[in-house]
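> Below are the structure tokens for one structure; questions will follow.
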Amino acid sequence: MDAYPDVVERISQKITEKGVTPDRGRIASKLNLLVTEFSIPLEEAERTVTNEMMREYKLDSIPRSSGSEELTPVASAKPGAWVTIEGKVVALQASPSPSIAQKGVIADASGAIEFVVWAKANAPVMEEGQWYRLESAVVDEFRGSPNLKVHSGTTITAIEEERGFIPQMTPLADLAPGVVSVRAKVIQLWEVRHERMLQTGLLGDETGTTKFIIWKSDAAEPLEDGTVYTIYFATAEEFNGRTSLNLSGAEWCKEEGADIEVSRREGTTITGAFVHLGTGSGLIKRCKVEGCNRALSRQNFCPVHEIQQDFRYDLRITGVVDDGTTAHNVLLQLPATERVTGMSLQGAVEMAENNPLGLDDVFIRMQELLMGRYISCSGNDIDGTMLVRDGDNIEIIEFDGARHAGLINRAGTPAGGVQE
Amino acid sequence: MTEQNSSRRYMREPARRVYANELREVRLHFRDGTDEKSPTYVMLPTGIRCNRIFACGEMILKEKKGEENTFYSVRVKDPTGMFFVNAGSYQQEAMQQIARIEQGSFVAVVGKPVVRSMDDGSVFVSVRAESVFPVDRDTYRLWVDDTAEQTLNRIDAFRSTPDSEKAAEFYNTNPEIYRQMVVGALRTIEF
């Protein structure tokens, strides 16, 4: 009859620990009712039945002080989980809706998460800067970011002692939707095109760059160009596959005199073998008509401006970098092409002009240099092709002894650890 | 994002990393779809469909064969065995590339696996070259590591993907043997 013998066993154990022998049949039937009739997830049903049985036998429900509810570090609170966390309310924002009592950010040493307290939860009001223990809150997802929901089943207890902690810094290359703290340098400021926007631009650190936005509000102040900031509890958001940082609600402090060697790698990075050099690669001629810049055919024909005897040379690569799982189309612009081939535009022009094969000779040389080589390149995806702009975004991979040693270790350990 | 693109436009088939010893065991080949232009695949014993491979090794033999329709037949040696690579008149570029390469060089091959059943019932797996280029020793060592890693990834995912379920059923693969093959291949590389 017992559909979930393990769960029934676990519940009876908890009650037996209290010195009462429970009726296993009743536990099983209650559980069965919740799970099969009401399609309640097994975990939740287990909790409900445990609480009900405890109440029935006049026992304390879940022993809270003994810490049987395991504490979850904020950083590991993933959507779909019921968690108990202890953290500091580091930001409170205006409630966007009457059904929401409070909205803000709660953090511990591992990370930070946005939270929402439902009006229906009748929860005590939390204060900014104060530590709280939140028992049985639910993590779900809001606009791609994890979000902690405080509902009527959540217990909020203020923690009186003041605990210091240093927020975990996230490298820009590892940004994922959610609340993050970063240390970064303002490397570009862009024109603001929205009346509600205060400032937008580019932040960079040793690992990469990311766009940032500050919306207008009473407290908001703009960042200074070229300055390093430590930014606490900003919101990383994802849109069209790109992550940007929303600084509204975040706090930051300026680091006087500090500097960061910013990695100029843009967008995403792929590593793989160069398996195809497209026919549009090599030395090409471009139309010089203002604003055109189209590639000319061999006969100096521009698709728009027809025959152009006046042109300028350019060097580019269209090709495929294959990582074994996906074949990525890449387009390397002049600086990236020069870096990866070691050929300069001028060198290529000389090669083409002094050689019977002309432009083909440059193409063949590029094939020899690149085909089958492992490269790593970074850029943004434009319509299915990665655009690799400059030399900082591309390199030829070299053999890595540490990786090799790691693979020997991995291969020497049977899958799943020790075999039985 | 890649998933969205795949429905909209042509996606080039990735080149799988596979050691010669595993490719040699391939028997199952199939067409995905009924269309004339549907891609054909071979099923690797470690459980992934494969329309194209990328392989590196030493070109230990280069032969020109055929009378009227000449083609190149080359053998490329990796740490586990031999790739049999062909390039005929339909692979003009690969033929010209092979013609320029000296026997004994390290080469990188991009090509399509071909499974042929012989008259005597035996099966022969070869690679129809799309391109063959000389590479340096470092690239060869990188390929051995890359192939080790991707083979281990397949072994770890074995029986947890639809393709590897199929491979398990068809080949009755023992993943442990392929793990040993990877260990052996890695040990041939000095570092």
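Residue numbers start at 1 in each chain; chains themselves are named A, B, ... in the order of the structure tokens; ligands are numbered from 1 in the order shown.
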Give me, as JSON lines, the closest atom pair and its distance (Å, one decimal) for every residue of chain B within a cut-off of 9 Å of chain A, counting only C-alpha atoms, rows sorted by chain and rising number.


```
{"residue": "B:Met1", "atom": "CA", "partner": "A:Gly241", "partner_atom": "CA", "distance": 7.0}
{"residue": "B:Thr2", "atom": "CA", "partner": "A:Gly384", "partner_atom": "CA", "distance": 8.1}
{"residue": "B:Asn5", "atom": "CA", "partner": "A:Gly384", "partner_atom": "CA", "distance": 7.1}
{"residue": "B:Met11", "atom": "CA", "partner": "A:Ala327", "partner_atom": "CA", "distance": 7.8}
{"residue": "B:Arg12", "atom": "CA", "partner": "A:Ala327", "partner_atom": "CA", "distance": 6.0}
{"residue": "B:Glu13", "atom": "CA", "partner": "A:Ala327", "partner_atom": "CA", "distance": 6.5}
{"residue": "B:Pro14", "atom": "CA", "partner": "A:Ala327", "partner_atom": "CA", "distance": 4.9}
{"residue": "B:Ala15", "atom": "CA", "partner": "A:Gly324", "partner_atom": "CA", "distance": 5.3}
{"residue": "B:Arg16", "atom": "CA", "partner": "A:Gly324", "partner_atom": "CA", "distance": 4.8}
{"residue": "B:Arg17", "atom": "CA", "partner": "A:Gly324", "partner_atom": "CA", "distance": 6.1}
{"residue": "B:Ile53", "atom": "CA", "partner": "A:Gly324", "partner_atom": "CA", "distance": 8.4}
{"residue": "B:Phe54", "atom": "CA", "partner": "A:Val275", "partner_atom": "CA", "distance": 7.9}
{"residue": "B:Ala55", "atom": "CA", "partner": "A:Gly372", "partner_atom": "CA", "distance": 8.7}
{"residue": "B:Cys56", "atom": "CA", "partner": "A:Gly372", "partner_atom": "CA", "distance": 8.2}
{"residue": "B:Val107", "atom": "CA", "partner": "A:Gly372", "partner_atom": "CA", "distance": 8.1}
{"residue": "B:Ala108", "atom": "CA", "partner": "A:Gly372", "partner_atom": "CA", "distance": 5.2}
{"residue": "B:Val109", "atom": "CA", "partner": "A:Gly372", "partner_atom": "CA", "distance": 7.4}
{"residue": "B:Val110", "atom": "CA", "partner": "A:Val275", "partner_atom": "CA", "distance": 6.8}
{"residue": "B:Ser131", "atom": "CA", "partner": "A:Val275", "partner_atom": "CA", "distance": 8.3}
{"residue": "B:Val132", "atom": "CA", "partner": "A:Met371", "partner_atom": "CA", "distance": 8.4}
{"residue": "B:Phe133", "atom": "CA", "partner": "A:Met371", "partner_atom": "CA", "distance": 6.4}
{"residue": "B:Pro134", "atom": "CA", "partner": "A:Glu368", "partner_atom": "CA", "distance": 7.4}
{"residue": "B:Val135", "atom": "CA", "partner": "A:Gly372", "partner_atom": "CA", "distance": 6.9}
{"residue": "B:Asp136", "atom": "CA", "partner": "A:Arg373", "partner_atom": "CA", "distance": 8.8}
{"residue": "B:Asp138", "atom": "CA", "partner": "A:Phe399", "partner_atom": "CA", "distance": 6.0}
{"residue": "B:Thr139", "atom": "CA", "partner": "A:Arg373", "partner_atom": "CA", "distance": 6.2}
{"residue": "B:Arg141", "atom": "CA", "partner": "A:Phe399", "partner_atom": "CA", "distance": 6.7}
{"residue": "B:Leu142", "atom": "CA", "partner": "A:Phe399", "partner_atom": "CA", "distance": 5.6}
{"residue": "B:Trp143", "atom": "CA", "partner": "A:Tyr374", "partner_atom": "CA", "distance": 8.4}
{"residue": "B:Asp145", "atom": "CA", "partner": "A:His404", "partner_atom": "CA", "distance": 6.3}
{"residue": "B:Asp146", "atom": "CA", "partner": "A:Gly324", "partner_atom": "CA", "distance": 8.9}
{"residue": "B:Thr147", "atom": "CA", "partner": "A:Gly324", "partner_atom": "CA", "distance": 8.9}
{"residue": "B:Ala148", "atom": "CA", "partner": "A:Leu407", "partner_atom": "CA", "distance": 7.4}
{"residue": "B:Glu149", "atom": "CA", "partner": "A:Leu407", "partner_atom": "CA", "distance": 6.8}
{"residue": "B:Gln150", "atom": "CA", "partner": "A:Gly324", "partner_atom": "CA", "distance": 7.8}
{"residue": "B:Leu152", "atom": "CA", "partner": "A:Ala411", "partner_atom": "CA", "distance": 7.0}
{"residue": "B:Ile155", "atom": "CA", "partner": "A:Ala415", "partner_atom": "CA", "distance": 8.0}
{"residue": "B:Asp156", "atom": "CA", "partner": "A:Ala415", "partner_atom": "CA", "distance": 6.3}
{"residue": "B:Glu176", "atom": "CA", "partner": "A:Pro414", "partner_atom": "CA", "distance": 7.6}
{"residue": "B:Arg179", "atom": "CA", "partner": "A:Ala411", "partner_atom": "CA", "distance": 6.2}
{"residue": "B:Gln180", "atom": "CA", "partner": "A:Ala411", "partner_atom": "CA", "distance": 7.6}
{"residue": "B:Val182", "atom": "CA", "partner": "A:Ala411", "partner_atom": "CA", "distance": 6.6}
{"residue": "B:Val183", "atom": "CA", "partner": "A:Ala411", "partner_atom": "CA", "distance": 5.7}
{"residue": "B:Leu186", "atom": "CA", "partner": "A:Ile408", "partner_atom": "CA", "distance": 6.5}
{"residue": "B:Arg187", "atom": "CA", "partner": "A:Ile408", "partner_atom": "CA", "distance": 7.7}
{"residue": "B:Ile189", "atom": "CA", "partner": "A:His404", "partner_atom": "CA", "distance": 8.7}
{"residue": "B:Phe191", "atom": "CA", "partner": "A:Gly401", "partner_atom": "CA", "distance": 5.8}
```

> Excluding range 126-137 of chain A and residues on its chain fewer than 6 positions from it, collect all residues at most 9 Å away from it, counting only C-alpha atoms, and give them as a CSV table (one decimal) with C-alpha atoms, in the first residue's frame.


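Generated output (out15.csv):
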```csv
chain,number,residue,atom,x,y,z
A,64,ARG,CA,13.7,25.1,14.6
A,69,GLU,CA,16.3,22.9,8.5
A,71,LEU,CA,20.9,26.7,6.1
A,81,ALA,CA,14.0,25.1,-4.0
A,82,TRP,CA,12.6,25.7,-0.6
A,83,VAL,CA,15.3,27.3,1.5
A,84,THR,CA,16.2,28.7,4.9
A,85,ILE,CA,18.7,31.5,4.7
A,86,GLU,CA,20.4,33.9,7.0
A,87,GLY,CA,21.3,37.2,5.4
A,88,LYS,CA,21.5,41.0,5.7
A,89,VAL,CA,18.9,43.1,3.9
A,90,VAL,CA,21.2,45.3,1.9
A,91,ALA,CA,18.7,47.2,-0.2
A,92,LEU,CA,15.0,47.9,-0.1
A,102,GLN,CA,8.4,44.6,0.5
A,104,GLY,CA,14.7,44.3,-1.9
A,106,ILE,CA,19.3,40.1,0.9
A,148,LEU,CA,13.3,34.7,-3.2
A,149,LYS,CA,9.6,34.7,-2.3
A,150,VAL,CA,8.5,35.3,1.3
A,151,HIS,CA,4.9,33.8,1.7
A,153,GLY,CA,4.5,29.9,5.4
A,154,THR,CA,7.8,31.7,5.8
A,155,THR,CA,9.1,32.5,9.3
A,156,ILE,CA,11.1,35.7,9.6
A,157,THR,CA,13.3,36.1,12.7
A,158,ALA,CA,15.5,39.1,13.2
A,159,ILE,CA,19.1,38.3,14.2
A,160,GLU,CA,20.4,40.7,16.8
A,161,GLU,CA,24.1,40.2,16.5
A,162,GLU,CA,25.8,42.2,13.8
A,163,ARG,CA,27.8,40.0,11.4
```

> For Asn174 in chain B, list every protein, DNA or RNA residue within 10 Å, evaluated using only C-alpha atoms, and leave out those in the same chain fewer than 2 positions away; present the list as a list in words.

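Skipping anything fewer than 2 positions along the chain leaves Pro45, Thr46, Ile155, Phe158, Ala168, Tyr171, Asn172, Glu176, Ile177, Tyr178 and Arg179 of chain B.
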
> Go ahead and save the picked residues with C-alpha atoms, as a PDB file, in the first residue's frame.


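The resulting selection-v2.pdb:
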```
ATOM      1  CA  PRO B  45      30.233   3.645 -30.417  1.00  0.00           C
ATOM      2  CA  THR B  46      30.588   6.148 -27.546  1.00  0.00           C
ATOM      3  CA  ILE B 155      31.682   8.368 -21.999  1.00  0.00           C
ATOM      4  CA  PHE B 158      26.796   7.479 -22.034  1.00  0.00           C
ATOM      5  CA  ALA B 168      24.539   1.183 -26.411  1.00  0.00           C
ATOM      6  CA  TYR B 171      27.181  -1.754 -30.352  1.00  0.00           C
ATOM      7  CA  ASN B 172      26.779  -3.061 -26.813  1.00  0.00           C
ATOM      8  CA  GLU B 176      35.542   1.244 -19.934  1.00  0.00           C
ATOM      9  CA  ILE B 177      37.387   0.021 -23.050  1.00  0.00           C
ATOM     10  CA  TYR B 178      37.164   3.486 -24.592  1.00  0.00           C
ATOM     11  CA  ARG B 179      38.310   5.086 -21.370  1.00  0.00           C
TER      12      ARG B 179
END
```

> Counting only C-alpha atoms, figure out which residue out of A:Ser344, A:Thr210, A:Ser281, A:Ser248 gets nearest to Gly267 in chain A.

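Checking each candidate against Gly267 in chain A, we get A:Thr210 as the closest.
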
> Could you go through range 38-102 of chain A and tell me which residues DSSP, when run on the backbone, assigns to strand (DSSP E), listing them as a list in words?

Trp82, Val83, Thr84, Ile85, Glu86, Gly87, Lys88, Val89, Val90, Ala91, Leu92, Gln93, Ile100, Ala101 and Gln102 of chain A

> Find, counting only C-alpha atoms, the residue in B:Pro162, B:Gly111, B:Gly66, B:Gly104 that gets nearest to Ser89 in chain B.

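Checking each candidate against Ser89 in chain B, we get B:Gly66 as the closest.
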
> Do you have the CA of Phe165 in chain A-CA of Ala219 in chain A distance handy?

24.7 Å

> Find the residues around range 112-120 of chain A up to 10 Å (only C-alpha atoms counted), leave out those fewer than 2 positions away in its own chain, and share them as number ranges by chain.

A: 73-77, 87-93, 95, 97-110, 122-126, 137-140, 142, 145-152, 154, 167-168, 178-181, 232-235

> From the set B:Thr34, B:Thr161, B:Asn21, B:Gln91, which residue has the shortest atom-to-atom contact distance to Lys77 in chain B, counting only C-alpha atoms?

B:Asn21

> Find the residues around Cys50 in chain B up to 7 Å (only C-alpha atoms counted), leave out those fewer than 3 positions away in its own chain, and share them as a ChimeraX atom specification.

/B:16,41-44

> Let me see the file: selected residues, N, CA and C atoms, as a PDB file, in the first residue's frame.


```
ATOM      1  N   ARG B  16      33.288  16.163 -35.393  1.00  0.00           N
ATOM      2  CA  ARG B  16      33.494  15.454 -34.126  1.00  0.00           C
ATOM      3  C   ARG B  16      34.953  15.081 -33.965  1.00  0.00           C
ATOM      4  N   TYR B  41      24.629  10.334 -41.281  1.00  0.00           N
ATOM      5  CA  TYR B  41      25.455  10.255 -40.080  1.00  0.00           C
ATOM      6  C   TYR B  41      25.985   8.845 -39.904  1.00  0.00           C
ATOM      7  N   VAL B  42      27.106   8.757 -39.193  1.00  0.00           N
ATOM      8  CA  VAL B  42      27.483   7.467 -38.630  1.00  0.00           C
ATOM      9  C   VAL B  42      27.307   7.623 -37.121  1.00  0.00           C
ATOM     10  N   MET B  43      27.034   6.501 -36.454  1.00  0.00           N
ATOM     11  CA  MET B  43      26.888   6.555 -34.996  1.00  0.00           C
ATOM     12  C   MET B  43      28.191   6.087 -34.376  1.00  0.00           C
ATOM     13  N   LEU B  44      28.835   6.948 -33.587  1.00  0.00           N
ATOM     14  CA  LEU B  44      30.065   6.537 -32.916  1.00  0.00           C
ATOM     15  C   LEU B  44      29.708   5.602 -31.756  1.00  0.00           C
TER      16      LEU B  44
END
```
